[in-house]
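Q: Data: data_22.cif, mmCIF, C-alpha atoms and all ligand atoms.
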data_model
#
loop_
_atom_site.group_PDB
_atom_site.id
_atom_site.type_symbol
_atom_site.label_atom_id
_atom_site.label_comp_id
_atom_site.auth_asym_id
_atom_site.auth_seq_id
_atom_site.Cartn_x
_atom_site.Cartn_y
_atom_site.Cartn_z
ATOM 1 C CA MET A 1 128.466 13.866 -21.832
ATOM 2 C CA THR A 2 125.463 11.837 -22.946
ATOM 3 C CA ASP A 3 123.012 13.102 -25.564
ATOM 4 C CA LEU A 4 120.722 11.947 -28.374
ATOM 5 C CA VAL A 5 121.305 12.265 -32.138
ATOM 6 C CA LEU A 6 118.497 14.448 -33.504
ATOM 7 C CA PRO A 7 117.455 14.847 -37.195
ATOM 8 C CA SER A 8 119.061 18.314 -37.501
ATOM 9 C CA GLU A 9 122.441 16.799 -36.549
ATOM 10 C CA THR A 10 122.621 14.137 -39.260
ATOM 11 C CA ASN A 11 124.038 13.802 -42.801
ATOM 12 C CA PRO A 12 122.042 12.537 -45.849
ATOM 13 C CA LEU A 13 122.653 8.918 -44.701
ATOM 14 C CA ASN A 14 120.884 9.706 -41.406
ATOM 15 C CA ASN A 15 124.092 9.333 -39.427
ATOM 16 C CA LEU A 16 125.577 11.898 -37.057
ATOM 17 C CA PHE A 17 127.289 14.738 -38.977
ATOM 18 C CA GLY A 18 131.075 14.664 -38.346
ATOM 19 C CA GLY A 19 131.245 18.337 -37.373
ATOM 20 C CA GLU A 20 128.552 17.817 -34.750
ATOM 21 C CA LEU A 21 130.592 15.042 -33.149
ATOM 22 C CA LEU A 22 133.716 17.250 -33.262
ATOM 23 C CA ALA A 23 131.786 19.985 -31.423
ATOM 24 C CA ARG A 24 130.497 17.549 -28.784
ATOM 25 C CA MET A 25 134.036 16.218 -28.262
ATOM 26 C CA ASP A 26 135.427 19.767 -28.041
ATOM 27 C CA ARG A 27 132.894 20.641 -25.320
ATOM 28 C CA ALA A 28 133.545 17.494 -23.284
ATOM 29 C CA ALA A 29 137.330 17.901 -23.642
ATOM 30 C CA SER A 30 137.202 21.539 -22.585
ATOM 31 C CA ILE A 31 135.326 20.553 -19.404
ATOM 32 C CA ALA A 32 137.967 17.908 -18.580
ATOM 33 C CA ALA A 33 140.804 20.401 -19.249
ATOM 34 C CA ARG A 34 139.095 23.100 -17.193
ATOM 35 C CA ARG A 35 138.458 20.756 -14.268
ATOM 36 C CA HIS A 36 142.092 19.667 -14.266
ATOM 37 C CA SER A 37 143.655 23.123 -14.603
ATOM 38 C CA ARG A 38 140.919 25.212 -12.919
ATOM 39 C CA ARG A 39 141.698 27.819 -15.557
ATOM 40 C CA ILE A 40 140.205 29.223 -18.731
ATOM 41 C CA VAL A 41 141.132 26.745 -21.473
ATOM 42 C CA VAL A 42 141.264 27.061 -25.263
ATOM 43 C CA THR A 43 141.512 24.396 -27.955
ATOM 44 C CA ALA A 44 145.035 24.548 -29.381
ATOM 45 C CA SER A 45 144.813 21.596 -31.736
ATOM 46 C CA VAL A 46 142.805 18.557 -32.796
ATOM 47 C CA ASN A 47 145.553 15.965 -33.058
ATOM 48 C CA HIS A 48 143.678 12.898 -34.147
ATOM 49 C CA VAL A 49 140.113 11.873 -34.996
ATOM 50 C CA ALA A 50 138.986 8.433 -36.134
ATOM 51 C CA PHE A 51 135.391 8.160 -37.327
ATOM 52 C CA ASN A 52 135.439 4.368 -37.157
ATOM 53 C CA ARG A 53 131.707 3.761 -36.877
ATOM 54 C CA ALA A 54 128.721 5.729 -38.106
ATOM 55 C CA VAL A 55 126.378 6.933 -35.368
ATOM 56 C CA PRO A 56 122.737 6.519 -36.518
ATOM 57 C CA LEU A 57 119.878 8.960 -35.956
ATOM 58 C CA GLY A 58 118.240 8.404 -32.580
ATOM 59 C CA SER A 59 121.383 6.951 -30.968
ATOM 60 C CA VAL A 60 122.295 7.710 -27.393
ATOM 61 C CA VAL A 61 125.912 8.898 -27.631
ATOM 62 C CA THR A 62 128.314 9.238 -24.718
ATOM 63 C CA VAL A 63 131.487 11.278 -25.093
ATOM 64 C CA GLU A 64 134.055 10.530 -22.369
ATOM 65 C CA ALA A 65 136.920 12.993 -21.972
ATOM 66 C CA LYS A 66 140.005 12.548 -19.828
ATOM 67 C CA VAL A 67 143.204 14.572 -19.538
ATOM 68 C CA SER A 68 145.906 12.041 -20.444
ATOM 69 C CA ARG A 69 148.928 14.272 -19.780
ATOM 70 C CA ALA A 70 149.592 17.795 -18.615
ATOM 71 C CA PHE A 71 152.702 19.632 -19.796
ATOM 72 C CA LYS A 72 153.637 23.208 -18.827
ATOM 73 C CA SER A 73 150.464 24.979 -19.933
ATOM 74 C CA SER A 74 149.035 22.463 -22.397
ATOM 75 C CA MET A 75 147.039 19.289 -21.837
ATOM 76 C CA GLU A 76 146.378 16.309 -24.045
ATOM 77 C CA VAL A 77 142.753 15.202 -23.745
ATOM 78 C CA TYR A 78 141.657 11.744 -24.883
ATOM 79 C CA LEU A 79 138.082 11.269 -26.088
ATOM 80 C CA ASP A 80 136.255 7.966 -26.269
ATOM 81 C CA VAL A 81 132.838 7.910 -27.925
ATOM 82 C CA TRP A 82 130.298 5.211 -27.089
ATOM 83 C CA ILE A 83 126.855 4.301 -28.450
ATOM 84 C CA ASP A 84 124.192 2.573 -26.317
ATOM 85 C CA ASP A 85 122.619 -0.540 -27.776
ATOM 86 C CA ARG A 86 118.880 -0.016 -27.332
ATOM 87 C CA GLU A 87 118.032 -3.663 -26.642
ATOM 88 C CA SER A 88 120.970 -4.905 -24.584
ATOM 89 C CA GLY A 89 121.757 -1.569 -22.954
ATOM 90 C CA GLN A 90 125.469 -2.297 -23.581
ATOM 91 C CA ARG A 91 127.817 0.423 -24.812
ATOM 92 C CA THR A 92 129.893 -0.022 -27.988
ATOM 93 C CA LYS A 93 132.953 2.085 -28.771
ATOM 94 C CA ALA A 94 132.253 4.127 -31.910
ATOM 95 C CA ASN A 95 135.039 6.677 -32.223
ATOM 96 C CA GLU A 96 138.002 8.251 -30.516
ATOM 97 C CA ALA A 97 139.941 11.474 -30.718
ATOM 98 C CA ILE A 98 142.785 13.428 -29.166
ATOM 99 C CA TYR A 99 142.632 17.173 -28.562
ATOM 100 C CA THR A 100 145.151 19.620 -27.095
ATOM 101 C CA PHE A 101 144.003 22.407 -24.774
ATOM 102 C CA VAL A 102 146.021 25.274 -23.316
ATOM 103 C CA ALA A 103 145.258 26.936 -19.987
ATOM 104 C CA VAL A 104 145.345 30.719 -20.270
ATOM 105 C CA ASP A 105 144.882 33.773 -18.071
ATOM 106 C CA GLU A 106 142.243 36.483 -18.615
ATOM 107 C CA THR A 107 144.388 38.051 -21.340
ATOM 108 C CA GLY A 108 144.787 34.743 -23.206
ATOM 109 C CA ARG A 109 148.404 34.134 -22.155
ATOM 110 C CA PRO A 110 149.397 30.513 -21.363
ATOM 111 C CA VAL A 111 149.726 29.717 -17.644
ATOM 112 C CA ALA A 112 151.296 26.826 -15.720
ATOM 113 C CA ILE A 113 149.102 23.866 -14.739
ATOM 114 C CA PRO A 114 149.440 20.915 -12.323
ATOM 115 C CA GLU A 115 150.851 17.617 -13.564
ATOM 116 C CA ILE A 116 148.896 14.389 -14.051
ATOM 117 C CA ILE A 117 149.771 11.096 -12.386
ATOM 118 C CA PRO A 118 148.489 8.172 -14.469
ATOM 119 C CA GLU A 119 147.160 5.192 -12.492
ATOM 120 C CA THR A 120 145.567 2.520 -14.708
ATOM 121 C CA GLU A 121 147.405 0.636 -17.482
ATOM 122 C CA GLU A 122 145.467 2.571 -20.132
ATOM 123 C CA GLU A 123 146.217 5.901 -18.441
ATOM 124 C CA LYS A 124 149.937 5.013 -18.324
ATOM 125 C CA LEU A 125 149.938 4.012 -22.008
ATOM 126 C CA ARG A 126 148.238 7.237 -23.072
ATOM 127 C CA TYR A 127 150.486 9.325 -20.794
ATOM 128 C CA ASP A 128 153.633 7.719 -22.255
ATOM 129 C CA GLY A 129 152.600 8.417 -25.861
ATOM 130 C CA ALA A 130 151.522 12.008 -25.221
ATOM 131 C CA LEU A 131 154.942 13.652 -25.599
ATOM 132 C CA ARG A 132 155.571 12.254 -29.067
ATOM 133 C CA ARG A 133 152.022 13.244 -30.122
ATOM 134 C CA LYS A 134 152.689 16.771 -28.818
ATOM 135 C CA GLN A 135 155.930 16.911 -30.807
ATOM 136 C CA LEU A 136 154.184 15.642 -33.959
ATOM 137 C CA SER A 137 151.455 18.258 -33.551
ATOM 138 C CA LEU A 138 154.027 21.035 -33.091
ATOM 139 C CA VAL A 139 156.044 19.874 -36.109
ATOM 140 C CA LEU A 140 152.894 19.792 -38.291
ATOM 141 C CA ALA A 141 151.922 23.251 -37.032
ATOM 142 C CA GLY A 142 155.390 24.555 -37.969
ATOM 143 C CA LYS A 143 156.121 25.353 -34.305
ATOM 144 C CA MET A 144 158.930 22.818 -33.853
ATOM 145 C CA GLU A 145 161.819 21.751 -36.093
ATOM 146 C CA PRO A 146 161.652 18.023 -36.944
ATOM 147 C CA GLN A 147 165.226 17.514 -35.668
ATOM 148 C CA ASP A 148 164.155 18.774 -32.220
ATOM 149 C CA ALA A 149 161.335 16.210 -31.959
ATOM 150 C CA THR A 150 163.536 13.733 -30.069
ATOM 151 C CA GLU A 151 160.744 11.571 -28.657
ATOM 152 C CA LEU A 152 159.045 11.338 -32.048
ATOM 153 C CA LYS A 153 162.312 10.467 -33.843
ATOM 154 C CA ALA A 154 163.039 7.724 -31.295
ATOM 155 C CA LEU A 155 159.875 5.960 -32.461
ATOM 156 C CA PHE A 156 161.410 5.440 -35.922
ATOM 157 C CA GLU A 157 164.940 4.742 -34.736
ATOM 158 C CA SER A 158 164.196 1.945 -32.225
HETATM 159 C C1 LIG B 1 146.749 28.001 -28.041
HETATM 160 C C2 LIG B 1 147.475 29.313 -27.782
HETATM 161 C C3 LIG B 1 147.090 29.874 -26.425
HETATM 162 C C4 LIG B 1 148.967 28.992 -27.788
HETATM 163 O O1 LIG B 1 149.630 30.203 -27.668
HETATM 164 P P1 LIG B 1 151.178 30.370 -28.093
HETATM 165 O O2 LIG B 1 151.473 31.805 -28.167
HETATM 166 O O3 LIG B 1 151.462 29.489 -29.246
HETATM 167 O O4 LIG B 1 151.869 29.879 -26.787
HETATM 168 P P2 LIG B 1 153.104 28.933 -26.619
HETATM 169 O O5 LIG B 1 153.951 28.839 -27.838
HETATM 170 O O6 LIG B 1 153.745 29.359 -25.341
HETATM 171 O O7 LIG B 1 152.405 27.532 -26.416
HETATM 172 C C5 LIG B 1 151.666 27.252 -25.254
HETATM 173 C C6 LIG B 1 151.529 25.769 -25.141
HETATM 174 O O8 LIG B 1 150.692 25.313 -26.191
HETATM 175 C C7 LIG B 1 151.333 24.251 -26.887
HETATM 176 N N1 LIG B 1 150.894 24.306 -28.280
HETATM 177 C C8 LIG B 1 150.768 25.394 -29.056
HETATM 178 N N2 LIG B 1 150.340 25.034 -30.272
HETATM 179 C C9 LIG B 1 150.196 23.689 -30.244
HETATM 180 C C10 LIG B 1 149.813 22.708 -31.208
HETATM 181 N N3 LIG B 1 149.471 23.046 -32.461
HETATM 182 N N4 LIG B 1 149.791 21.413 -30.838
HETATM 183 C C11 LIG B 1 150.127 21.035 -29.589
HETATM 184 N N5 LIG B 1 150.512 21.922 -28.633
HETATM 185 C C12 LIG B 1 150.544 23.220 -28.965
HETATM 186 C C13 LIG B 1 152.815 24.567 -26.724
HETATM 187 O O9 LIG B 1 153.614 23.425 -26.948
HETATM 188 C C14 LIG B 1 152.848 25.011 -25.284
HETATM 189 O O10 LIG B 1 152.750 23.869 -24.447
HETATM 190 P P3 LIG B 1 153.473 23.777 -23.003
HETATM 191 O O11 LIG B 1 153.370 25.116 -22.351
HETATM 192 O O12 LIG B 1 152.681 22.756 -22.264
HETATM 193 O O13 LIG B 1 154.872 23.331 -23.274
HETATM 194 C C15 LIG B 1 147.187 30.388 -28.891
HETATM 195 O O14 LIG B 1 147.690 29.898 -30.125
HETATM 196 C C16 LIG B 1 145.721 30.669 -29.034
HETATM 197 O O15 LIG B 1 145.132 31.401 -28.242
HETATM 198 N N6 LIG B 1 145.077 30.100 -30.092
HETATM 199 C C17 LIG B 1 143.659 30.274 -30.308
HETATM 200 C C18 LIG B 1 142.858 29.293 -29.430
HETATM 201 C C19 LIG B 1 141.401 29.299 -29.795
HETATM 202 O O16 LIG B 1 140.820 30.353 -29.979
HETATM 203 N N7 LIG B 1 140.829 28.096 -29.915
HETATM 204 C C20 LIG B 1 139.504 27.941 -30.372
HETATM 205 C C21 LIG B 1 139.519 27.872 -31.867
HETATM 206 S S1 LIG B 1 138.073 28.510 -32.556
#
Kindly transcribe the structure held in the file into structure tokens.
A:
Amino acid sequence: MTDLVLPSETNPLNNLFGGELLARMDRAASIAARRHSRRIVVTASVNHVAFNRAVPLGSVVTVEAKVSRAFKSSMEVYLDVWIDDRESGQRTKANEAIYTFVAVDETGRPVAIPEIIPETEEEKLRYDGALRRKQLSLVLAGKMEPQDATELKALFES
């Protein structure tokens, strides 16, 4: 999703307001999750956001969303945010984030979705880390006991 940063979307330093970027990322991620599952999708969790670089007023911002792993009904979606350099036309990475979406039926109940097969090195890396991020998110949300987060624990034990 590519769009401009307009004055109404900025903070007092004339940079993009964080909540505006979160909303743009949520929209892009929901499209990726919907295209993968071909279902209604809802945001279950925002797992990670890094506002590494400010995005100045007038910037052309591109939000790239990709499903990095599909579980039973939930999907991890990776977001990469890029800014166009006006003179060179090159894109610079500004921010990244990880969201979790759940595919649901018309009554809002989770439904099964197809799996993802990662192909590139980056896709494989993100796919491999997704289970421990899911476990961390569930532990933080109080939906999983820490002792059951086997993949997450293995990270500290190896
Ligand atoms: C997201 C939602 C559908 C999950 O429903 P639930 O009753 O908790 O369902 P389950 O426990 O069966 O979980 C469904 C899946 O979501 C995952 N999930 C739930 N909460 C999660 C969290 N905080 N982090 C990561 N994954 C989560 C579960 O692990 C499960 O994944 P799996 O099926 O791939 O193994 C439900 O909480 C909901 O509708 N929330 C509101 C969503 C919404 O309105 N979003 C917009 C906010 S304004």
Q: What residues of the protein or nucleic acid chains come within 7 Å of ligand LIG 1 (chain B) when you use all atoms listed in the file? Reply as an MDAnalysis selection string.
A: chainID A and resid 42:45 70:75 100 102 104 108:110 134 137:138 141
Q: Could you take the residues named above and write them with C-alpha atoms, as a short mmCIF file (atom, residue, chain, number, x, y, z; two decimals), in the coordinates of the input?
A:
data_model
loop_
_atom_site.label_atom_id
_atom_site.label_comp_id
_atom_site.auth_asym_id
_atom_site.auth_seq_id
_atom_site.Cartn_x
_atom_site.Cartn_y
_atom_site.Cartn_z
CA VAL A 42 141.26 27.06 -25.26
CA THR A 43 141.51 24.40 -27.96
CA ALA A 44 145.04 24.55 -29.38
CA SER A 45 144.81 21.60 -31.74
CA ALA A 70 149.59 17.80 -18.61
CA PHE A 71 152.70 19.63 -19.80
CA LYS A 72 153.64 23.21 -18.83
CA SER A 73 150.46 24.98 -19.93
CA SER A 74 149.04 22.46 -22.40
CA MET A 75 147.04 19.29 -21.84
CA THR A 100 145.15 19.62 -27.10
CA VAL A 102 146.02 25.27 -23.32
CA VAL A 104 145.34 30.72 -20.27
CA GLY A 108 144.79 34.74 -23.21
CA ARG A 109 148.40 34.13 -22.16
CA PRO A 110 149.40 30.51 -21.36
CA LYS A 134 152.69 16.77 -28.82
CA SER A 137 151.46 18.26 -33.55
CA LEU A 138 154.03 21.04 -33.09
CA ALA A 141 151.92 23.25 -37.03
#
Q: Quick one: residues within 10 Å of Val5 in chain A, all atoms listed in the file counted, chain neighbours fewer than 3 positions away excluded, as a ChimeraX atom specification?
A: /A:8-10,14-17,20-21,55-61
Q: Identify which of the residues A:Ile117, A:Val63, A:Val46, A:Leu13 lies closest to Leu136 in chain A, counting only C-alpha atoms when measuring atom-to-atom distances.
A: A:Val46
Q: Here's the selection I'm unsure about, the PyMOL selection byres (((chain A and resi 69) around 9) and not hetatm); applied to the file above, which residues does it give, as a ChimeraX atom specification?
A: /A:67-68,70-71,74-77,115-118,123,126-128,130-131
Q: Residues near Arg91 in chain A, anyone? I mean within 10 Å using all atoms listed in the file, not counting same-chain ones fewer than 3 positions away, as JSON, numbers by chain.
A: {"A": [60, 61, 62, 81, 82, 83, 84, 85, 86, 88, 94]}
Q: Determine the residue membership of the PyMOL selection byres (((chain A and resi 149-153) around 8) and not hetatm) for the file above and supply it as a compact mmCIF listing (two decimals) with C-alpha atoms, keeping the file's coordinate frame.
A:
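And here's expr-v1.txt as it stands now:
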# COMPACT_ATOMS: atom_id res chain seq x y z
CA LEU A 131 154.94 13.65 -25.60
CA ARG A 132 155.57 12.25 -29.07
CA ARG A 133 152.02 13.24 -30.12
CA GLN A 135 155.93 16.91 -30.81
CA LEU A 136 154.18 15.64 -33.96
CA VAL A 139 156.04 19.87 -36.11
CA MET A 144 158.93 22.82 -33.85
CA GLU A 145 161.82 21.75 -36.09
CA PRO A 146 161.65 18.02 -36.94
CA GLN A 147 165.23 17.51 -35.67
CA ASP A 148 164.16 18.77 -32.22
CA ALA A 154 163.04 7.72 -31.30
CA LEU A 155 159.88 5.96 -32.46
CA PHE A 156 161.41 5.44 -35.92
CA GLU A 157 164.94 4.74 -34.74
Q: Could you tell me which of A:His36, A:Gly142, A:Lys93, A:Lys66 comes closest to Glu122 in chain A if we count only C-alpha atoms?
A: A:Lys66
Q: Which residue, A:Gly18, A:Val49, A:Ser37, A:Leu79, has the smallest gap to Val111 in chain A when you use only C-alpha atoms?
A: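 The shortest atom-to-atom distance to Val111 in chain A comes from A:Ser37.
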Q: One decimal, in Å: what's the spacing between CA of Pro114 in chain A and CA of Tyr78 in chain A?
A: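 Going from CA of Pro114 in chain A over to CA of Tyr78 in chain A covers 17.4 Å.
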Q: If you measure from CA of Ala32 in chain A to CA of Ala65 in chain A, what distance in Å do you get, rounded to one decimal?
A: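 Computed distance, CA of Ala32 in chain A to CA of Ala65 in chain A, equals 6.1 Å.
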Q: Mind pulling up the distance from CA of Leu22 in chain A to CA of Glu96 in chain A?
A: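 So the two atoms, CA of Glu96 in chain A and CA of Leu22 in chain A, lie 10.3 Å apart.
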Q: Range 129-137 of chain A, all listed atoms, 5 Å padding on each side: what axis-aligned box centre and edge lengths in Å to one decimal come out, as JSON?
A:
{"center_x": 153.7, "center_y": 13.3, "center_z": -29.6, "size_x": 14.5, "size_y": 19.8, "size_z": 18.7}
Q: Nearest to Asp80 in chain A among A:Pro7, A:Gly129, A:Ala29, A:Asn47, with distances taken over all atoms listed in the file: which residue is it?
A: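 Smallest distance to Asp80 in chain A is found for A:Ala29.
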Q: Some atoms are missing, so please complete range 1-19 of chain A with N, CA and C atoms and return it as a short mmCIF file (atom, residue, chain, number, x, y, z; two decimals), keeping the file's coordinate frame.
A:
data_model
loop_
_atom_site.label_atom_id
_atom_site.label_comp_id
_atom_site.auth_asym_id
_atom_site.auth_seq_id
_atom_site.Cartn_x
_atom_site.Cartn_y
_atom_site.Cartn_z
N MET A 1 129.62 13.13 -21.35
CA MET A 1 128.47 13.87 -21.83
C MET A 1 127.60 12.91 -22.63
N THR A 2 126.35 12.75 -22.21
CA THR A 2 125.46 11.84 -22.95
C THR A 2 124.33 12.64 -23.58
N ASP A 3 124.07 12.37 -24.86
CA ASP A 3 123.01 13.10 -25.56
C ASP A 3 122.50 12.25 -26.73
N LEU A 4 121.33 12.64 -27.23
CA LEU A 4 120.72 11.95 -28.37
C LEU A 4 121.24 12.50 -29.70
N VAL A 5 121.06 11.73 -30.79
CA VAL A 5 121.30 12.26 -32.14
C VAL A 5 119.95 12.64 -32.74
N LEU A 6 119.76 13.93 -32.98
CA LEU A 6 118.50 14.45 -33.50
C LEU A 6 118.58 14.65 -35.02
N PRO A 7 117.43 14.74 -35.72
CA PRO A 7 117.46 14.85 -37.20
C PRO A 7 118.30 16.01 -37.72
N SER A 8 118.30 17.14 -37.01
CA SER A 8 119.06 18.31 -37.50
C SER A 8 120.57 18.11 -37.39
N GLU A 9 121.00 17.03 -36.75
CA GLU A 9 122.44 16.80 -36.55
C GLU A 9 122.98 15.69 -37.45
N THR A 10 122.20 15.29 -38.45
CA THR A 10 122.62 14.14 -39.26
C THR A 10 122.99 14.53 -40.69
N ASN A 11 123.70 13.62 -41.38
CA ASN A 11 124.04 13.80 -42.80
C ASN A 11 122.96 13.11 -43.66
N PRO A 12 123.10 13.15 -45.00
CA PRO A 12 122.04 12.54 -45.85
C PRO A 12 121.87 11.02 -45.65
N LEU A 13 122.81 10.35 -44.99
CA LEU A 13 122.65 8.92 -44.70
C LEU A 13 122.00 8.69 -43.34
N ASN A 14 121.53 9.79 -42.73
CA ASN A 14 120.88 9.71 -41.41
C ASN A 14 121.84 9.25 -40.30
N ASN A 15 123.11 9.57 -40.49
CA ASN A 15 124.09 9.33 -39.43
C ASN A 15 124.57 10.68 -38.90
N LEU A 16 125.10 10.66 -37.68
CA LEU A 16 125.58 11.90 -37.06
C LEU A 16 126.60 12.60 -37.96
N PHE A 17 126.39 13.90 -38.19
CA PHE A 17 127.29 14.74 -38.98
C PHE A 17 128.63 14.85 -38.25
N GLY A 18 129.75 14.67 -38.98
CA GLY A 18 131.07 14.66 -38.35
C GLY A 18 131.37 15.91 -37.53
N GLY A 19 130.97 17.07 -38.07
CA GLY A 19 131.24 18.34 -37.37
C GLY A 19 130.50 18.44 -36.05
#
